[in-house]
file upload.tsv (TSV, C-alpha atoms and all ligand atoms)
chain	number	residue	atom	x	y	z
A	22	MET	CA	-2.88	23.24	14.67
A	23	LYS	CA	-2.15	26.64	13.15
A	24	CYS	CA	0.45	27.63	10.57
A	25	VAL	CA	3.25	29.48	12.38
A	26	LYS	CA	3.64	31.83	9.40
A	27	CYS	CA	0.11	32.92	8.52
A	28	GLY	CA	-2.11	31.53	11.28
A	29	GLY	CA	-4.12	29.50	8.76
A	30	LYS	CA	-4.89	25.80	9.10
A	31	ALA	CA	-1.66	23.77	9.28
A	32	VAL	CA	-1.41	20.66	7.09
A	33	ILE	CA	1.95	19.47	8.39
A	34	HIS	CA	3.83	19.51	11.68
A	35	LEU	CA	7.61	19.20	11.31
A	36	ARG	CA	8.44	17.60	14.65
A	37	GLN	CA	12.18	17.74	14.01
A	38	HIS	CA	11.87	21.55	13.97
A	39	ASN	CA	10.06	21.78	17.35
A	40	THR	CA	6.96	23.86	16.86
A	41	LEU	CA	7.06	24.31	13.11
A	42	ALA	CA	3.60	23.73	11.67
A	43	LEU	CA	2.74	25.02	8.21
A	44	CYS	CA	-0.25	25.43	5.94
A	45	LYS	CA	-0.13	24.07	2.39
A	46	GLU	CA	1.07	27.30	0.73
A	47	ASP	CA	3.75	28.02	3.33
A	48	PHE	CA	4.97	24.42	3.30
A	49	LEU	CA	5.23	24.47	-0.53
A	50	ALA	CA	7.32	27.64	-0.23
A	51	TRP	CA	9.37	26.34	2.73
A	52	VAL	CA	10.76	23.24	0.95
A	53	PRO	CA	12.32	25.18	-1.99
A	54	GLU	CA	13.62	27.84	0.48
A	55	GLN	CA	15.31	25.14	2.55
A	56	THR	CA	16.72	23.50	-0.58
A	57	GLN	CA	18.17	26.82	-1.74
A	58	ARG	CA	19.62	27.38	1.73
A	59	PHE	CA	21.50	24.06	1.62
A	60	ILE	CA	22.61	24.55	-2.00
A	61	GLU	CA	24.32	27.72	-0.76
A	62	LYS	CA	25.52	26.36	2.59
A	63	TYR	CA	27.34	23.44	0.99
A	64	ARG	CA	28.34	25.46	-2.11
A	65	MET	CA	26.76	22.89	-4.43
A	66	PHE	CA	26.36	25.04	-7.55
A	67	GLY	CA	25.56	28.52	-8.73
A	68	ARG	CA	23.08	30.24	-10.99
A	69	ASP	CA	25.34	29.92	-14.06
A	70	ASP	CA	25.85	26.18	-13.74
A	71	TRP	CA	24.20	23.73	-16.09
A	72	LEU	CA	22.69	20.88	-14.11
A	73	LEU	CA	21.75	17.29	-14.86
A	74	VAL	CA	19.21	15.69	-12.47
A	75	ALA	CA	19.04	11.90	-12.35
A	76	VAL	CA	15.31	11.09	-12.23
A	77	SER	CA	13.80	7.71	-11.46
A	78	GLY	CA	10.10	8.58	-11.58
A	79	GLY	CA	9.94	8.56	-7.77
A	80	LYS	CA	8.85	11.40	-5.45
A	81	ASP	CA	12.31	12.62	-4.47
A	82	SER	CA	13.99	13.02	-7.85
A	83	LEU	CA	10.91	14.52	-9.57
A	84	SER	CA	10.33	16.88	-6.64
A	85	LEU	CA	13.97	17.94	-6.79
A	86	TRP	CA	13.62	18.71	-10.51
A	87	ASP	CA	10.43	20.65	-9.78
A	88	ILE	CA	12.13	22.68	-7.03
A	89	LEU	CA	15.14	23.52	-9.22
A	90	TRP	CA	12.80	24.60	-12.02
A	91	ARG	CA	10.86	26.83	-9.61
A	92	LEU	CA	14.11	28.29	-8.25
A	93	GLY	CA	15.12	29.19	-11.81
A	94	TYR	CA	18.07	26.82	-12.30
A	95	ALA	CA	18.91	25.40	-15.75
A	96	ALA	CA	18.43	21.68	-15.16
A	97	ASP	CA	17.91	18.82	-17.61
A	98	GLY	CA	16.75	15.35	-16.53
A	99	LEU	CA	18.36	11.97	-17.09
A	100	TYR	CA	16.27	8.81	-16.94
A	101	ILE	CA	17.95	5.40	-17.04
A	102	GLY	CA	15.69	2.58	-18.22
A	103	LEU	CA	16.72	-0.52	-16.29
A	104	GLY	CA	14.31	-2.96	-17.95
A	105	ILE	CA	12.73	-3.91	-14.60
A	106	ASP	CA	9.18	-5.24	-14.77
A	107	GLY	CA	8.57	-7.05	-11.45
A	108	GLY	CA	4.97	-7.77	-12.43
A	109	ILE	CA	4.07	-4.07	-12.23
A	110	GLY	CA	5.78	-2.73	-15.36
A	111	TYR	CA	8.07	-0.75	-13.04
A	112	SER	CA	10.47	0.71	-15.63
A	113	ASP	CA	7.71	1.52	-18.17
A	114	LYS	CA	5.68	3.31	-15.50
A	115	SER	CA	8.71	5.24	-14.23
A	116	LEU	CA	9.64	6.42	-17.72
A	117	LYS	CA	6.08	7.60	-18.38
A	118	MET	CA	6.06	9.63	-15.15
A	119	CYS	CA	9.35	11.34	-16.07
A	120	GLN	CA	8.20	12.07	-19.64
A	121	GLN	CA	4.89	13.55	-18.42
A	122	PHE	CA	6.69	15.66	-15.84
A	123	ALA	CA	9.18	17.05	-18.38
A	124	ALA	CA	6.49	17.69	-21.04
A	125	ALA	CA	4.26	19.57	-18.56
A	126	ARG	CA	7.10	22.01	-17.77
A	127	GLY	CA	8.83	22.14	-21.17
A	128	LEU	CA	11.99	20.56	-19.72
A	129	ASN	CA	14.55	18.42	-21.51
A	130	LEU	CA	14.70	14.73	-20.55
A	131	GLN	CA	17.47	12.44	-21.76
A	132	VAL	CA	16.68	8.74	-21.78
A	133	VAL	CA	19.29	5.98	-21.72
A	134	ASP	CA	17.66	2.59	-22.13
A	135	VAL	CA	19.92	-0.19	-20.84
A	136	PRO	CA	18.33	-3.10	-22.80
A	137	GLN	CA	18.39	-1.06	-26.02
A	138	GLU	CA	21.93	0.21	-25.63
A	139	PHE	CA	23.62	-2.77	-23.98
A	140	GLY	CA	21.44	-5.69	-25.14
A	141	ARG	CA	20.08	-6.94	-21.80
A	142	THR	CA	17.95	-5.77	-18.90
A	143	ILE	CA	19.60	-5.20	-15.52
A	144	PRO	CA	18.08	-8.41	-14.01
A	145	GLU	CA	19.34	-10.33	-17.10
A	146	PHE	CA	22.85	-8.93	-16.71
A	147	SER	CA	22.78	-9.80	-13.03
A	148	ALA	CA	21.71	-13.41	-13.67
A	149	ARG	CA	24.36	-13.74	-16.37
A	150	VAL	CA	27.32	-12.47	-14.34
A	151	GLN	CA	26.08	-13.74	-10.96
A	152	ARG	CA	27.08	-10.57	-9.19
A	153	GLY	CA	25.21	-9.86	-5.94
A	154	ARG	CA	23.09	-12.30	-3.96
A	155	LYS	CA	19.86	-13.06	-5.86
A	156	LYS	CA	19.27	-9.35	-6.40
A	157	PRO	CA	20.35	-7.20	-9.34
A	158	CYS	CA	21.20	-4.21	-7.11
A	159	ALA	CA	24.98	-4.54	-7.38
A	160	VAL	CA	24.87	-4.60	-11.19
A	161	CYS	CA	22.20	-1.89	-11.19
A	162	GLY	CA	24.32	0.45	-9.04
A	163	LEU	CA	27.35	-0.16	-11.23
A	164	ALA	CA	25.40	0.56	-14.43
A	165	LYS	CA	23.72	3.67	-13.03
A	166	ARG	CA	27.01	5.17	-11.81
A	167	HIS	CA	28.64	4.49	-15.19
A	168	ILE	CA	25.76	5.91	-17.25
A	169	MET	CA	25.21	8.96	-15.02
A	170	ASN	CA	28.87	9.92	-15.10
A	171	ARG	CA	29.07	9.40	-18.87
A	172	ALA	CA	25.94	11.48	-19.48
A	173	ALA	CA	27.20	14.33	-17.28
A	174	ARG	CA	30.63	14.29	-18.86
A	175	GLU	CA	29.59	13.91	-22.50
A	176	GLY	CA	26.77	16.41	-22.13
A	177	GLY	CA	29.12	19.04	-20.70
A	178	TYR	CA	27.08	19.49	-17.50
A	179	ASP	CA	28.66	21.25	-14.52
A	180	VAL	CA	27.00	19.17	-11.80
A	181	LEU	CA	25.17	15.84	-11.60
A	182	LEU	CA	22.35	15.88	-9.02
A	183	THR	CA	20.55	13.06	-7.26
A	184	GLY	CA	17.41	13.16	-5.10
A	185	HIS	CA	18.90	11.57	-1.96
A	186	ASN	CA	16.98	12.86	1.06
A	187	LEU	CA	17.99	13.01	4.73
A	188	ASP	CA	16.66	9.52	5.47
A	189	ASP	CA	18.78	8.09	2.62
A	190	GLU	CA	21.87	9.86	3.89
A	191	ALA	CA	21.29	8.93	7.54
A	192	ALA	CA	20.75	5.26	6.59
A	193	THR	CA	23.97	5.26	4.54
A	194	LEU	CA	25.80	6.92	7.42
A	195	MET	CA	24.52	4.33	9.85
A	196	ALA	CA	25.62	1.46	7.59
A	197	ASN	CA	29.04	3.03	7.06
A	198	THR	CA	29.48	3.75	10.78
A	199	LEU	CA	28.40	0.32	12.00
A	200	ASN	CA	31.02	-1.18	9.72
A	201	TRP	CA	33.58	1.64	10.13
A	202	MET	CA	33.91	2.04	6.38
A	203	SER	CA	36.46	4.82	6.62
A	204	GLY	CA	36.77	5.39	2.86
A	205	TYR	CA	33.00	5.73	2.48
A	206	LEU	CA	32.75	7.98	5.55
A	207	LEU	CA	35.42	10.21	4.10
A	208	ARG	CA	33.53	10.49	0.81
A	209	GLN	CA	29.97	10.82	2.18
A	210	SER	CA	29.13	14.45	1.60
A	211	PRO	CA	26.38	16.73	0.23
A	212	VAL	CA	28.75	17.59	-2.60
A	213	LEU	CA	31.61	15.68	-4.24
A	214	GLU	CA	34.09	17.65	-6.28
A	215	ALA	CA	34.87	16.63	-9.86
A	216	GLY	CA	37.72	14.13	-10.02
A	217	SER	CA	40.60	13.74	-12.41
A	218	GLY	CA	39.97	11.81	-15.62
A	219	GLY	CA	36.34	12.93	-15.97
A	220	LEU	CA	34.59	12.19	-12.67
A	221	ALA	CA	31.59	14.51	-12.65
A	222	ARG	CA	30.93	16.90	-9.78
A	223	LYS	CA	27.97	15.54	-7.79
A	224	ALA	CA	25.52	17.10	-5.34
A	225	LYS	CA	22.50	16.11	-3.24
A	226	PRO	CA	20.37	19.23	-2.67
A	227	LEU	CA	17.70	17.36	-0.61
A	228	CYS	CA	20.19	15.84	1.83
A	229	ARG	CA	18.80	17.87	4.78
A	230	ILE	CA	15.09	17.28	4.06
A	231	TYR	CA	13.19	14.36	5.60
A	232	GLU	CA	11.72	11.68	3.34
A	233	ARG	CA	8.31	12.24	4.91
A	234	ASP	CA	8.48	15.93	4.01
A	235	MET	CA	9.46	15.13	0.42
A	236	ALA	CA	6.48	12.75	0.17
A	237	ALA	CA	4.25	15.56	1.48
A	238	TYR	CA	5.78	18.02	-1.00
A	239	ALA	CA	5.10	15.71	-3.97
A	240	LEU	CA	1.55	15.10	-2.80
A	241	LEU	CA	0.66	18.73	-2.04
A	242	ARG	CA	2.35	20.01	-5.19
A	243	GLY	CA	0.45	17.39	-7.20
A	244	ILE	CA	3.48	15.77	-8.80
A	245	PRO	CA	2.45	12.41	-10.28
A	246	HIS	CA	5.13	9.82	-9.49
A	247	VAL	CA	5.60	6.09	-9.11
A	248	TYR	CA	4.33	5.12	-5.65
A	249	GLU	CA	5.70	1.59	-5.72
A	250	GLU	CA	9.32	0.96	-4.75
A	251	CYS	CA	11.45	-0.98	-7.21
A	252	PRO	CA	10.40	-4.65	-6.75
A	253	TYR	CA	13.98	-5.49	-5.74
A	254	ALA	CA	14.09	-2.91	-2.94
A	255	SER	CA	12.21	-4.99	-0.37
A	256	GLY	CA	14.44	-6.51	2.29
A	257	SER	CA	17.34	-4.17	1.41
A	258	LYS	CA	19.82	-3.08	4.08
A	259	SER	CA	18.98	0.52	3.39
A	260	LEU	CA	15.28	-0.04	4.27
A	261	PHE	CA	16.34	-1.90	7.41
A	262	TYR	CA	18.48	1.02	8.60
A	263	LYS	CA	15.71	3.48	7.73
A	264	GLU	CA	13.28	1.54	9.90
A	265	LEU	CA	15.74	1.54	12.80
A	266	LEU	CA	16.24	5.27	12.48
A	267	ASN	CA	12.48	5.86	12.27
A	268	ARG	CA	12.02	4.02	15.58
A	269	LEU	CA	14.64	6.27	17.12
A	270	GLU	CA	12.98	9.33	15.57
A	271	ALA	CA	9.60	8.35	17.02
A	272	GLU	CA	11.13	8.48	20.52
A	273	ARG	CA	13.38	11.45	19.89
A	274	PRO	CA	12.12	13.82	17.17
A	275	GLY	CA	15.09	15.26	15.29
A	276	ALA	CA	17.41	12.29	16.05
A	277	LYS	CA	17.90	11.45	12.36
A	278	MET	CA	18.77	15.02	11.54
A	279	SER	CA	21.22	15.49	14.41
A	280	PHE	CA	22.91	12.16	13.57
A	281	TYR	CA	23.59	13.33	10.01
A	282	VAL	CA	24.24	17.01	10.67
A	283	ALA	CA	26.61	16.33	13.60
A	284	PHE	CA	28.56	14.01	11.28
A	285	LEU	CA	28.90	16.76	8.66
A	286	GLU	CA	29.97	19.24	11.34
A	287	ALA	CA	32.51	16.81	12.76
A	288	LYS	CA	33.98	16.36	9.29
A	289	GLU	CA	34.04	20.11	8.76
A	290	SER	CA	35.86	20.66	12.04
A	291	GLY	CA	38.52	18.13	11.07
A	292	LEU	CA	37.50	15.13	13.19
A	293	PHE	CA	38.00	12.93	10.14
A	294	ALA	CA	41.45	14.00	9.06
A	295	ARG	CA	41.57	14.61	5.35
A	296	GLN	CA	44.09	12.18	4.06
A	297	ALA	CA	44.98	10.91	0.63
A	298	ASP	CA	42.18	8.66	-0.52
A	299	PRO	CA	43.90	5.50	-1.81
A	300	ASP	CA	41.02	4.83	-4.22
A	301	LEU	CA	41.31	8.26	-5.81
A	302	GLU	CA	45.06	7.86	-6.11
A	303	ARG	CA	44.53	4.74	-8.24
A	304	LEU	CA	42.14	6.58	-10.56
A	305	HIS	CA	42.88	6.15	-14.28
A	306	ASN	CA	40.87	5.99	-17.50
A	307	CYS	CA	39.35	2.70	-18.61
A	308	PRO	CA	41.08	1.62	-21.85
A	309	THR	CA	37.73	0.49	-23.32
A	310	CYS	CA	35.17	3.22	-22.47
A	311	GLY	CA	37.48	6.01	-21.30
A	312	GLN	CA	35.61	6.58	-18.00
A	313	PRO	CA	37.60	7.07	-14.79
A	314	THR	CA	38.08	3.92	-12.71
A	315	THR	CA	40.06	2.68	-9.73
A	316	ALA	CA	40.02	-0.93	-10.97
A	317	VAL	CA	43.19	-2.40	-12.44
A	318	GLY	CA	42.81	-2.30	-16.26
A	319	GLU	CA	39.22	-2.09	-17.55
A	320	CYS	CA	36.49	-0.52	-15.38
A	321	ALA	CA	34.05	-2.78	-13.53
A	322	PHE	CA	31.22	-1.91	-15.93
A	323	CYS	CA	33.17	-2.93	-19.07
A	324	ARG	CA	34.32	-6.12	-17.33
A	325	MET	CA	30.71	-6.89	-16.41
A	326	LEU	CA	29.62	-6.36	-20.06
A	327	ALA	CA	32.42	-8.63	-21.30
A	328	LYS	CA	31.56	-11.33	-18.76
A	329	ALA	CA	27.88	-11.22	-19.72
A	330	ALA	CA	28.77	-11.55	-23.41
A	331	ALA	CA	31.08	-14.55	-22.87
A	401	LIG	FE1	18.30	-0.98	-8.90
A	401	LIG	FE2	17.44	0.08	-6.61
A	401	LIG	FE3	15.94	-1.65	-7.93
A	401	LIG	FE4	18.14	-2.51	-6.68
A	401	LIG	S1	16.33	-1.64	-5.70
A	401	LIG	S2	17.48	-3.05	-8.76
A	401	LIG	S3	19.49	-0.73	-7.01
A	401	LIG	S4	16.55	0.37	-8.67
call {"tool": "encode", "arguments": {"input": "upload.tsv", "output": "structure tokens"}}
result
Amino acid sequence: MKCVKCGGKAVIHLRQHNTLALCKEDFLAWVPEQTQRFIEKYRMFGRDDWLLVAVSGGKDSLSLWDILWRLGYAADGLYIGLGIDGGIGYSDKSLKMCQQFAAARGLNLQVVDVPQEFGRTIPEFSARVQRGRKKPCAVCGLAKRHIMNRAAREGGYDVLLTGHNLDDEAATLMANTLNWMSGYLLRQSPVLEAGSGGLARKAKPLCRIYERDMAAYALLRGIPHVYEECPYASGSKSLFYKELLNRLEAERPGAKMSFYVAFLEAKESGLFARQADPDLERLHNCPTCGQPTTAVGECAFCRMLAKAAA
């Protein structure tokens, strides 16, 4: 197969874009171009904004940081050490990947280590408070949201970025649609505006790029990253929905993309009437940590810390 841009040898065929086949150089230019296109299309941020990228050591978040750096944006990284070992030293390996990445490009990486700052690892917190079924994911999500928002707010960043790709977004959309989670559907978006009380503005610049293409970008760009998934990811609902969507994609190339993009267009055209979000109306500041929360009284993270300490 030949590259449609230069006629050289193609290394990748993007089936969701019909005949698009690209050589290594053109593919490595195409991914940042597409990212920039969607940053502008969804008005995520501008050249003067100061960005904070949440990095996990995986292909998506490190590739996102690489792309932003190449596009000339001012972006720092935030790594959250969860204290997860899983027999593979998962957190230690992830941190090392992020540190090497930042050092190689002279970028600033902030590290928040959960065991050091809060006294326990995420799996220990989870066992202590018995939240979630046998997996620490519920506690992990709660801690990550709390720490990311705090870091963005206290650091004075304009936008907090995550490396969610199109497969992540389509899987979330499928889960939310199958259960008609109207509040989540209303909030699922490439960009979430800053909320009252210190909710950081959030954006997902890779939301229109396939996971497979991000894996190819990391590989061809030579970005060292953690290949293993978090040991607690196996059997997750998100992986289940991704597999379903991949089966659909195999039969109908582009199905994942049209599922997600048609949803965004339907929202844009007013299919989901914008109404007052009851959760956002309840938003107030936690009396203990000061972060915005919809819970009555203390936020869920402070309550989890108190329960674990009891
Ligand atoms: Fe946290 Fe994800 Fe691992 Fe669950 S799978 S513990 S949410 S990193």
call {"tool": "closest_atom_pairs", "arguments": {"input": "upload.tsv", "of": "chain A", "to": "ligand LIG 401 (chain A)", "cutoff": "9 Å", "atoms": "all atoms listed in the file", "output": "Markdown table"}}
result
| residue | atom | partner | partner_atom | distance |
| --- | --- | --- | --- | --- |
| A:Ser77 | CA | A:LIG401 | S4 | 8.3 |
| A:Leu103 | CA | A:LIG401 | FE1 | 7.6 |
| A:Ile105 | CA | A:LIG401 | S2 | 7.6 |
| A:Ile143 | CA | A:LIG401 | S2 | 7.4 |
| A:Pro144 | CA | A:LIG401 | S2 | 7.5 |
| A:Lys156 | CA | A:LIG401 | FE4 | 6.9 |
| A:Pro157 | CA | A:LIG401 | S2 | 5.1 |
| A:Cys158 | CA | A:LIG401 | FE4 | 3.5 |
| A:Ala159 | CA | A:LIG401 | S3 | 6.7 |
| A:Val160 | CA | A:LIG401 | S3 | 7.8 |
| A:Cys161 | CA | A:LIG401 | FE1 | 4.6 |
| A:Gly162 | CA | A:LIG401 | S3 | 5.4 |
| A:Leu163 | CA | A:LIG401 | S3 | 8.9 |
| A:Lys165 | CA | A:LIG401 | FE1 | 8.2 |
| A:Glu250 | CA | A:LIG401 | S1 | 7.5 |
| A:Cys251 | CA | A:LIG401 | FE3 | 4.6 |
| A:Pro252 | CA | A:LIG401 | FE3 | 6.4 |
| A:Tyr253 | CA | A:LIG401 | S1 | 4.5 |
| A:Ala254 | CA | A:LIG401 | S1 | 3.8 |
| A:Ser255 | CA | A:LIG401 | S1 | 7.5 |
| A:Ser257 | CA | A:LIG401 | S1 | 7.6 |
call {"tool": "residues_around", "arguments": {"input": "upload.tsv", "residues": "range 205-220 of chain A", "least_positions_apart": "3", "cutoff": "6 Å", "atoms": "all atoms listed in the file", "output": "number ranges by chain"}}
result
A: 65, 202, 223-225, 313
call {"tool": "residues_around", "arguments": {"input": "upload.tsv", "residues": "Val180 in chain A", "least_positions_apart": "5", "cutoff": "8 Å", "atoms": "only C-alpha atoms", "output": "ChimeraX atom specification"}}
result
/A:66,70-73,173,221-224
call {"tool": "closest_residue", "arguments": {"input": "upload.tsv", "among": "A:Gln137, A:Ser259, A:Ser147, A:Thr315", "to": "Met195 in chain A", "atoms": "all atoms listed in the file"}}
result
A:Ser259
call {"tool": "atom_distance", "arguments": {"input": "upload.tsv", "atom1": "CA of Arg126 in chain A", "atom2": "CA of Arg58 in chain A"}}
result
23.8 Å
call {"tool": "build_atoms", "arguments": {"input": "upload.tsv", "residues": "range 68-101 of chain A", "atoms": "N, CA and C atoms", "output": "compact mmCIF listing (two decimals), in the coordinates of the input"}}
result
# COMPACT_ATOMS: atom_id res chain seq x y z
N ARG A 68 24.11 29.92 -10.01
CA ARG A 68 23.08 30.24 -10.99
C ARG A 68 23.53 30.01 -12.43
N ASP A 69 24.85 30.08 -12.68
CA ASP A 69 25.34 29.92 -14.06
C ASP A 69 25.63 28.47 -14.42
N ASP A 70 25.51 27.58 -13.45
CA ASP A 70 25.85 26.18 -13.74
C ASP A 70 24.73 25.48 -14.50
N TRP A 71 25.16 24.53 -15.32
CA TRP A 71 24.20 23.73 -16.09
C TRP A 71 24.10 22.38 -15.39
N LEU A 72 22.88 22.03 -15.00
CA LEU A 72 22.69 20.88 -14.11
C LEU A 72 22.04 19.69 -14.82
N LEU A 73 22.40 18.50 -14.37
CA LEU A 73 21.75 17.29 -14.86
C LEU A 73 21.19 16.56 -13.63
N VAL A 74 19.85 16.36 -13.61
CA VAL A 74 19.21 15.69 -12.47
C VAL A 74 18.87 14.26 -12.87
N ALA A 75 19.38 13.31 -12.09
CA ALA A 75 19.04 11.90 -12.35
C ALA A 75 17.64 11.65 -11.80
N VAL A 76 16.69 11.31 -12.68
CA VAL A 76 15.31 11.09 -12.23
C VAL A 76 14.91 9.63 -12.42
N SER A 77 14.19 9.12 -11.42
CA SER A 77 13.80 7.71 -11.46
C SER A 77 12.29 7.55 -11.64
N GLY A 78 11.57 8.67 -11.56
CA GLY A 78 10.10 8.58 -11.58
C GLY A 78 9.52 8.58 -10.18
N GLY A 79 10.38 8.55 -9.16
CA GLY A 79 9.94 8.56 -7.77
C GLY A 79 9.73 9.99 -7.25
N LYS A 80 9.22 10.09 -6.01
CA LYS A 80 8.85 11.40 -5.45
C LYS A 80 10.05 12.32 -5.25
N ASP A 81 11.18 11.76 -4.82
CA ASP A 81 12.31 12.62 -4.47
C ASP A 81 12.94 13.27 -5.70
N SER A 82 13.28 12.46 -6.70
CA SER A 82 13.99 13.02 -7.85
C SER A 82 13.09 13.97 -8.65
N LEU A 83 11.79 13.61 -8.80
CA LEU A 83 10.91 14.52 -9.57
C LEU A 83 10.64 15.79 -8.77
N SER A 84 10.52 15.67 -7.45
CA SER A 84 10.33 16.88 -6.64
C SER A 84 11.57 17.76 -6.70
N LEU A 85 12.74 17.15 -6.69
CA LEU A 85 13.97 17.94 -6.79
C LEU A 85 13.99 18.72 -8.11
N TRP A 86 13.63 18.04 -9.19
CA TRP A 86 13.62 18.71 -10.51
C TRP A 86 12.62 19.86 -10.50
N ASP A 87 11.46 19.62 -9.89
CA ASP A 87 10.43 20.65 -9.78
C ASP A 87 10.95 21.86 -9.00
N ILE A 88 11.62 21.59 -7.89
CA ILE A 88 12.13 22.68 -7.03
C ILE A 88 13.18 23.50 -7.78
N LEU A 89 14.08 22.81 -8.48
CA LEU A 89 15.14 23.52 -9.22
C LEU A 89 14.52 24.39 -10.31
N TRP A 90 13.51 23.87 -10.95
CA TRP A 90 12.80 24.60 -12.02
C TRP A 90 12.14 25.85 -11.42
N ARG A 91 11.50 25.68 -10.26
CA ARG A 91 10.86 26.83 -9.61
C ARG A 91 11.89 27.86 -9.14
N LEU A 92 13.06 27.37 -8.72
CA LEU A 92 14.11 28.29 -8.25
C LEU A 92 14.85 28.96 -9.41
N GLY A 93 14.54 28.53 -10.63
CA GLY A 93 15.12 29.19 -11.81
C GLY A 93 16.45 28.63 -12.27
N TYR A 94 16.81 27.42 -11.84
CA TYR A 94 18.07 26.82 -12.30
C TYR A 94 17.88 26.16 -13.67
N ALA A 95 18.95 26.09 -14.45
CA ALA A 95 18.91 25.40 -15.75
C ALA A 95 19.23 23.93 -15.49
N ALA A 96 18.21 23.09 -15.51
CA ALA A 96 18.43 21.68 -15.16
C ALA A 96 17.71 20.76 -16.15
N ASP A 97 18.49 19.87 -16.77
CA ASP A 97 17.91 18.82 -17.61
C ASP A 97 17.75 17.56 -16.76
N GLY A 98 16.95 16.62 -17.25
CA GLY A 98 16.75 15.35 -16.53
C GLY A 98 17.43 14.20 -17.26
N LEU A 99 17.79 13.20 -16.50
CA LEU A 99 18.36 11.97 -17.09
C LEU A 99 17.59 10.80 -16.51
N TYR A 100 16.96 10.02 -17.39
CA TYR A 100 16.27 8.81 -16.94
C TYR A 100 17.01 7.60 -17.49
N ILE A 101 17.27 6.63 -16.60
CA ILE A 101 17.95 5.40 -17.04
C ILE A 101 16.95 4.26 -16.98
